[in-house]
$ cat run.cif   # mmCIF, C-alpha atoms
data_query
loop_
_atom_site.label_atom_id
_atom_site.label_comp_id
_atom_site.auth_asym_id
_atom_site.auth_seq_id
_atom_site.Cartn_x
_atom_site.Cartn_y
_atom_site.Cartn_z
CA MET C 767 0.00 0.00 0.00
CA VAL C 768 1.53 3.30 -1.15
CA ILE C 769 0.08 6.30 0.69
CA ASP C 770 0.73 9.89 -0.36
CA CYS C 771 0.37 11.67 2.98
CA HIS C 772 0.45 15.20 1.50
CA MET C 773 -1.57 15.95 -1.60
CA HIS C 774 -4.19 18.52 -2.59
CA VAL C 775 -7.50 19.16 -4.25
CA ARG C 776 -8.49 22.56 -5.59
CA ALA C 777 -11.44 24.74 -6.46
CA GLY C 778 -12.85 25.14 -9.91
CA ALA C 779 -14.01 28.39 -11.46
CA ASP C 780 -17.34 28.11 -9.65
CA GLY C 781 -15.71 27.67 -6.23
CA ALA C 782 -16.76 24.03 -5.95
CA LEU C 783 -14.38 21.08 -6.23
CA ASP C 784 -12.39 20.95 -9.47
CA VAL C 785 -13.60 17.49 -10.44
CA GLN C 786 -11.32 17.18 -13.46
CA TYR C 787 -8.21 17.84 -11.38
CA CYS C 788 -9.51 15.44 -8.74
CA ASP C 789 -9.88 12.67 -11.32
CA TRP C 790 -6.56 13.44 -13.01
CA THR C 791 -4.83 12.86 -9.68
CA ILE C 792 -6.34 9.39 -9.44
CA GLU C 793 -5.28 8.60 -13.02
CA ALA C 794 -1.73 9.73 -12.27
CA GLY C 795 -1.74 7.66 -9.09
CA ASP C 796 -2.70 4.60 -11.11
CA LEU C 797 0.26 5.15 -13.42
CA LEU C 798 2.71 5.81 -10.59
CA GLY C 799 1.53 3.12 -8.20
CA ILE C 800 0.05 5.41 -5.54
CA ASP C 801 -2.91 3.77 -3.84
CA ARG C 802 -4.21 6.51 -1.55
CA PHE C 803 -3.99 10.30 -1.29
CA CYS C 804 -4.39 12.31 1.91
CA VAL C 805 -5.59 15.69 0.76
CA SER C 806 -6.30 19.24 1.83
CA ASP C 807 -7.46 22.14 -0.28
CA LEU C 808 -4.92 24.37 -2.03
CA GLN C 809 -6.68 27.67 -1.21
CA LEU C 810 -5.24 28.07 2.30
CA THR C 811 -3.22 31.28 2.39
CA GLY C 812 -4.14 34.68 3.82
CA GLU C 813 -6.44 35.84 6.60
CA LEU C 814 -8.90 32.99 6.23
CA ARG C 815 -11.99 32.84 8.40
CA TYR C 816 -14.64 30.24 9.02
CA ASP C 817 -16.53 30.62 5.74
CA ASP C 818 -13.26 30.27 3.81
CA PHE C 819 -11.88 27.17 5.50
CA HIS C 820 -15.31 25.58 5.84
CA ALA C 821 -15.72 25.86 2.04
CA ALA C 822 -12.21 24.46 1.52
CA ASN C 823 -13.05 21.46 3.70
CA ASP C 824 -16.31 21.00 1.78
CA ARG C 825 -14.21 20.57 -1.37
CA VAL C 826 -12.11 17.95 0.38
CA ALA C 827 -15.25 16.15 1.54
CA ALA C 828 -16.55 16.18 -2.04
CA ALA C 829 -13.31 14.60 -3.29
CA VAL C 830 -13.48 11.88 -0.63
CA ALA C 831 -17.11 11.18 -1.56
CA ARG C 832 -16.14 10.96 -5.24
CA HIS C 833 -13.24 8.55 -4.64
CA PRO C 834 -13.83 7.06 -1.17
CA ASP C 835 -11.30 4.26 -1.63
CA ARG C 836 -8.53 6.58 -2.79
CA TYR C 837 -8.90 9.90 -0.94
CA HIS C 838 -8.66 10.74 2.76
CA GLY C 839 -9.19 14.27 4.03
CA TYR C 840 -7.28 16.65 6.26
CA CYS C 841 -9.27 19.35 8.02
CA PHE C 842 -7.73 22.79 7.51
CA VAL C 843 -8.55 25.63 9.91
CA ASN C 844 -7.18 29.02 10.85
CA PRO C 845 -6.38 28.30 14.53
CA GLY C 846 -7.17 31.90 15.48
CA ASP C 847 -10.78 31.66 14.37
CA PRO C 848 -13.29 31.07 17.19
CA LYS C 849 -14.95 28.29 15.19
CA ALA C 850 -11.72 26.38 14.48
CA LEU C 851 -12.28 23.61 17.02
CA ASP C 852 -15.91 23.20 16.01
CA GLU C 853 -14.79 22.69 12.41
CA ILE C 854 -12.23 20.08 13.48
CA ARG C 855 -14.83 18.23 15.52
CA GLN C 856 -17.23 18.18 12.59
CA ARG C 857 -14.71 17.02 10.02
CA VAL C 858 -12.53 14.62 12.06
CA ARG C 859 -14.97 13.16 14.58
CA ASP C 860 -18.20 13.30 12.59
CA GLU C 861 -17.05 12.98 8.96
CA GLY C 862 -13.96 10.80 9.36
CA PHE C 863 -11.22 13.15 8.15
CA ILE C 864 -7.88 11.59 9.06
CA GLY C 865 -6.06 14.61 10.44
CA ILE C 866 -5.48 18.36 10.58
CA LYS C 867 -3.60 20.62 8.16
CA SER C 868 -1.77 23.69 9.45
CA TYR C 869 -0.66 26.37 7.02
CA ASN C 870 1.06 29.71 7.56
CA GLN C 871 -1.42 31.75 9.59
CA TYR C 872 0.56 31.07 12.80
CA PHE C 873 3.79 29.34 13.75
CA ILE C 874 2.92 25.85 14.96
CA ASP C 875 4.34 26.65 18.44
CA ASP C 876 2.27 29.83 18.82
CA PRO C 877 0.03 29.66 21.92
CA VAL C 878 -2.97 30.29 19.64
CA VAL C 879 -2.43 26.83 18.12
CA GLU C 880 -2.30 24.99 21.44
CA PRO C 881 -6.02 24.07 21.58
CA VAL C 882 -5.70 22.45 18.15
CA LEU C 883 -2.62 20.47 19.21
CA ARG C 884 -4.28 19.46 22.47
CA LEU C 885 -7.29 18.06 20.60
CA ALA C 886 -5.06 16.32 18.04
CA SER C 887 -3.09 14.73 20.88
CA GLU C 888 -6.25 13.56 22.62
CA TRP C 889 -7.70 12.08 19.45
CA GLN C 890 -4.35 10.81 18.14
CA VAL C 891 -4.72 12.22 14.65
CA PRO C 892 -1.76 13.62 12.68
CA VAL C 893 -1.13 17.32 12.14
CA LEU C 894 0.52 18.10 8.80
CA VAL C 895 2.42 21.39 9.04
CA HIS C 896 3.36 23.56 6.06
CA ALA C 897 7.00 24.20 6.92
CA GLY C 898 10.44 25.18 5.70
CA TYR C 899 13.56 27.10 6.58
CA LEU C 900 13.17 29.98 4.14
CA THR C 901 16.44 31.74 3.38
CA ASP C 902 15.59 34.31 0.70
CA GLY C 903 13.92 37.59 1.52
CA ALA C 904 11.13 37.31 -1.02
CA SER C 905 9.93 33.94 0.30
CA LYS C 906 10.03 35.12 3.90
CA ALA C 907 8.14 38.28 2.98
CA ARG C 908 5.41 36.23 1.28
CA GLN C 909 5.10 33.73 4.15
CA PRO C 910 6.49 35.34 7.31
CA LEU C 911 4.75 32.87 9.64
CA THR C 912 5.93 29.67 7.95
CA SER C 913 6.97 27.20 10.65
CA ASN C 914 10.40 25.62 10.57
CA ALA C 915 11.94 22.63 12.33
CA LEU C 916 12.62 24.63 15.50
CA HIS C 917 8.95 25.60 15.76
CA LEU C 918 7.97 21.97 15.33
CA ALA C 919 10.50 20.87 17.95
CA ASN C 920 9.11 23.44 20.40
CA ALA C 921 5.54 22.28 19.77
CA ALA C 922 6.61 18.64 20.18
CA ARG C 923 8.13 19.36 23.58
CA ARG C 924 4.86 20.92 24.75
CA PHE C 925 2.72 18.18 23.21
CA PRO C 926 4.81 14.99 23.20
CA GLU C 927 1.80 12.87 22.24
CA ALA C 928 1.06 14.93 19.12
CA MET C 929 1.84 13.34 15.75
CA LEU C 930 3.42 16.33 13.97
CA ILE C 931 4.53 16.09 10.34
CA GLU C 932 6.90 18.62 8.83
CA GLY C 933 5.70 19.13 5.27
CA HIS C 934 7.75 18.91 2.07
CA ILE C 935 11.42 18.51 2.98
CA GLY C 936 12.11 19.06 -0.73
CA GLY C 937 10.10 22.28 -0.91
CA GLY C 938 11.01 24.27 2.17
CA GLY C 939 14.33 26.00 1.63
CA ASP C 940 17.39 24.71 3.49
CA TRP C 941 16.42 21.10 4.12
CA GLU C 942 19.78 20.13 5.65
CA TRP C 943 19.26 22.81 8.31
CA ALA C 944 15.87 21.28 9.03
CA LEU C 945 17.32 17.79 9.43
CA LYS C 946 19.87 19.01 11.97
CA HIS C 947 17.11 20.35 14.21
CA LEU C 948 14.72 17.46 13.68
CA ARG C 949 17.31 15.16 15.25
CA GLU C 950 16.36 16.82 18.54
CA ALA C 951 12.62 16.22 18.01
CA PRO C 952 12.13 12.44 17.84
CA SER C 953 8.33 12.63 17.80
CA VAL C 954 8.21 14.80 14.65
CA TYR C 955 7.80 13.03 11.31
CA LEU C 956 8.97 14.33 7.96
CA ASP C 957 7.30 14.07 4.60
CA THR C 958 9.42 13.58 1.51
CA SER C 959 7.50 15.81 -0.91
CA GLY C 960 8.52 18.99 -2.71
CA SER C 961 9.85 19.88 -6.12
CA GLY C 962 13.45 19.81 -4.86
CA ILE C 963 15.12 16.59 -5.97
CA ASP C 964 18.66 17.10 -4.68
CA GLU C 965 20.84 14.03 -5.02
CA TRP C 966 20.98 11.92 -1.85
CA MET C 967 18.21 13.90 -0.16
CA ILE C 968 16.28 10.84 0.97
CA ASP C 969 19.47 9.02 1.93
CA ARG C 970 20.49 11.94 4.17
CA CYS C 971 17.05 12.01 5.75
CA VAL C 972 17.36 8.32 6.65
CA GLU C 973 20.87 8.86 8.03
CA GLU C 974 19.86 11.82 10.18
CA ILE C 975 16.45 10.87 11.58
CA GLY C 976 15.80 7.26 10.52
CA ALA C 977 13.50 5.63 7.99
CA GLU C 978 10.83 5.11 10.65
CA ARG C 979 10.16 8.87 10.73
CA LEU C 980 9.87 9.42 6.95
CA LEU C 981 6.52 9.56 5.17
CA PHE C 982 6.08 9.41 1.41
CA ALA C 983 4.34 12.44 -0.06
CA THR C 984 4.14 14.39 -3.31
CA ASP C 985 2.45 17.76 -2.61
CA THR C 986 1.48 17.69 -6.34
CA THR C 987 5.06 16.97 -7.55
CA MET C 988 4.12 13.40 -8.28
CA GLU C 989 6.72 11.99 -10.68
CA GLY C 990 9.68 13.61 -8.94
CA SER C 991 8.49 12.52 -5.51
CA VAL C 992 8.16 8.89 -6.62
CA GLY C 993 11.53 9.09 -8.34
CA LYS C 994 13.26 10.30 -5.16
CA ILE C 995 12.17 7.17 -3.32
CA LEU C 996 13.04 4.82 -6.17
CA ASP C 997 16.48 6.40 -6.55
CA ALA C 998 17.39 6.31 -2.86
CA ASN C 999 19.67 3.62 -1.50
CA LEU C 1000 17.05 2.00 0.72
CA SER C 1001 16.54 -1.51 1.95
CA GLU C 1002 13.27 -3.02 0.79
CA PRO C 1003 11.80 -3.01 4.32
CA ASP C 1004 12.68 0.68 4.72
CA ARG C 1005 11.23 1.52 1.32
CA LYS C 1006 7.95 -0.13 2.28
CA ARG C 1007 7.88 1.71 5.60
CA ILE C 1008 8.40 5.07 3.92
CA LEU C 1009 5.96 4.44 1.08
CA GLY C 1010 3.07 3.63 3.36
CA GLY C 1011 3.78 1.55 6.43
CA ASN C 1012 4.84 4.44 8.65
CA PHE C 1013 1.82 6.56 7.84
CA GLN C 1014 -0.58 3.66 8.20
CA ALA C 1015 0.86 3.12 11.69
CA LEU C 1016 -0.05 6.73 12.52
CA LEU C 1017 -3.58 6.24 11.20
CA ASP C 1018 -3.91 3.11 13.31
CA ARG C 1019 -3.36 5.16 16.48
CA ARG C 1020 -6.63 7.06 15.97
CA ALA C 1021 -8.62 7.34 19.20
CA VAL C 1022 -11.80 9.11 18.07
#

$ encode --input "run.cif" --output "structure tokens"
Amino acid sequence: MVIDCHMHVRAGADGALDVQYCDWTIEAGDLLGIDRFCVSDLQLTGELRYDDFHAANDRVAAAVARHPDRYHGYCFVNPGDPKALDEIRQRVRDEGFIGIKSYNQYFIDDPVVEPVLRLASEWQVPVLVHAGYLTDGASKARQPLTSNALHLANAARRFPEAMLIEGHIGGGGDWEWALKHLREAPSVYLDTSGSGIDEWMIDRCVEEIGAERLLFATDTTMEGSVGKILDANLSEPDRKRILGGNFQALLDRRAV
């Protein structure tokens, strides 16, 4: 079972789910050998409030309903919105979404996010965090509140039972810097997605934090993300863990 733990759906021109893009993803997964996609909506940036993230999660729910054997949903919220926890309860507890997606409205270790992490810890559902160590001024100006590995390590110390995933090691700036700090945060997982395909990236990840903490993902860069895993010098048991076994083990911890 190959599980892409970080993929997306998107809105069409009418604001509803882009069905064609949704179906194209499944077709590409068939060609690339990806069995399941764990998805959030792409329209996550900015000062989003309840109506915005509720509509985004509706699009995810529509994708799951369209391909129930292939799609699983993350619930995205702006943690600062007073209805954030109600939205998580609806989507995760009542509708079966598999986890929570955090974007760049707040650093993941901001006190505002603590109620979300407390609930995720109680329910034992993963929290996928948009993250990266951004080194150029333009990127930092566009996303000043993007979490990095230090923010994740701080959040993990406060919530040791939380299943935190640092998103897209290949799409978050200085990935070697991130690995250095993730060594000190053993409860934080790392997804392998991103358009960066530096040679030996996956091998270095295994060396620094271990194959048991790596989760296969594409974040829409599907061919390159599959290629990174195929090219890495992995044992077959480690390859199977990364491609799906590790994430399935997280899903099996669900307590809600």

$ resolve_selection --input "run.cif" --expression "the PyMOL selection byres ((chain C and resi 872) around 9)" --output "list of chain:residue names"
C:Asn844, C:Pro845, C:Gly846, C:Ser868, C:Tyr869, C:Asn870, C:Gln871, C:Phe873, C:Ile874, C:Asp875, C:Asp876, C:Val878, C:Val879, C:Leu911, C:Thr912, C:Ser913

$ atom_distance --input "run.cif" --atom1 "CA of Leu996 (chain C)" --atom2 "CA of Phe863 (chain C)"
29.4 Å

$ residues_near_point --input "run.cif" --point "(13.2, 5.8, -5.6)" --cutoff "12 Å" --atoms "only C-alpha atoms" --output "list in words"
Leu798, Thr958, Ile963, Glu965, Trp966, Met967, Ile968, Asp969, Phe982, Glu989, Gly990, Ser991, Val992, Gly993, Lys994, Ile995, Leu996, Asp997, Ala998, Asn999, Leu1000, Ser1001, Glu1002, Asp1004, Arg1005, Lys1006, Ile1008 and Leu1009 of chain C

$ residues_around --input "run.cif" --residues "Glu861 (chain C)" --least-positions-apart "3" --cutoff "12 Å" --atoms "all atoms listed in the file" --output "list of chain:residue names"
C:Asn823, C:Asp824, C:Val826, C:Ala827, C:Ala828, C:Val830, C:Ala831, C:His838, C:Gly839, C:Tyr840, C:Cys841, C:Glu853, C:Ile854, C:Arg855, C:Gln856, C:Arg857, C:Val858, C:Ile864, C:Gly865, C:Val1022

$ residues_around --input "run.cif" --residues "region 785-793 of chain C" --least-positions-apart "6" --cutoff "12 Å" --atoms "only C-alpha atoms" --output "number ranges by chain"
C: 770, 773-779, 799-808, 825-837, 984-989

$ closest_residue --input "run.cif" --among "C:Arg1019, C:His820, C:His934, C:Arg859" --to "His772 (chain C)" --atoms "all atoms listed in the file"
C:His934

$ atom_distance --input "run.cif" --atom1 "CA of Leu948 (chain C)" --atom2 "CA of Ala919 (chain C)"
6.9 Å

$ residues_around --input "run.cif" --residues "Met929 (chain C)" --least-positions-apart "3" --cutoff "8 Å" --atoms "only C-alpha atoms" --output "VMD selection string"
chain C and resid 886 to 887 890 to 893 953 to 955 1016

$ residues_near_point --input "run.cif" --point "(-14.2, 32.4, 14.4)" --cutoff "12 Å" --atoms "all atoms listed in the file" --output "number ranges by chain"
C: 813-820, 843-853

$ atom_distance --input "run.cif" --atom1 "CA of Ile931 (chain C)" --atom2 "CA of Gly898 (chain C)"
11.8 Å

$ closest_residue --input "run.cif" --among "C:Ala904, C:Leu894, C:Ala922, C:Val768" --to "Glu880 (chain C)" --atoms "only C-alpha atoms"
C:Ala922

$ resolve_selection --input "run.cif" --expression "the PyMOL selection byres ((chain C and resi 978) around 9)" --output "list in words"
Tyr955, Val972, Ile975, Gly976, Ala977, Arg979, Leu980, Leu981, Asp1004, Arg1007, Ile1008, Gly1011 and Asn1012 of chain C

$ closest_residue --input "run.cif" --among "C:Asp780, C:Glu888, C:Asp964, C:Asp860" --to "Ala1021 (chain C)" --atoms "only C-alpha atoms"
C:Glu888

$ closest_residue --input "run.cif" --among "C:Gln1014, C:Trp943, C:Ala921, C:Asp784" --to "Pro881 (chain C)" --atoms "only C-alpha atoms"
C:Ala921

$ closest_residue --input "run.cif" --among "C:Thr811, C:Trp941, C:Gly933, C:Ala951" --to "Arg908 (chain C)" --atoms "only C-alpha atoms"
C:Thr811

$ closest_residue --input "run.cif" --among "C:Met767, C:Pro910, C:Gly903, C:Leu883" --to "Gly812 (chain C)" --atoms "all atoms listed in the file"
C:Pro910

$ residues_around --input "run.cif" --residues "Leu900 (chain C)" --least-positions-apart "4" --cutoff "7 Å" --atoms "all atoms listed in the file" --output "mmCIF file with C-alpha atoms, in the frame of the given file"
data_model
loop_
_atom_site.group_PDB
_atom_site.id
_atom_site.type_symbol
_atom_site.label_atom_id
_atom_site.label_comp_id
_atom_site.auth_asym_id
_atom_site.auth_seq_id
_atom_site.Cartn_x
_atom_site.Cartn_y
_atom_site.Cartn_z
ATOM 1 C CA SER C 905 9.930 33.940 0.300
ATOM 2 C CA LYS C 906 10.030 35.120 3.900
ATOM 3 C CA GLY C 938 11.010 24.270 2.170
ATOM 4 C CA GLY C 939 14.330 26.000 1.630
ATOM 5 C CA ASP C 940 17.390 24.710 3.490
#
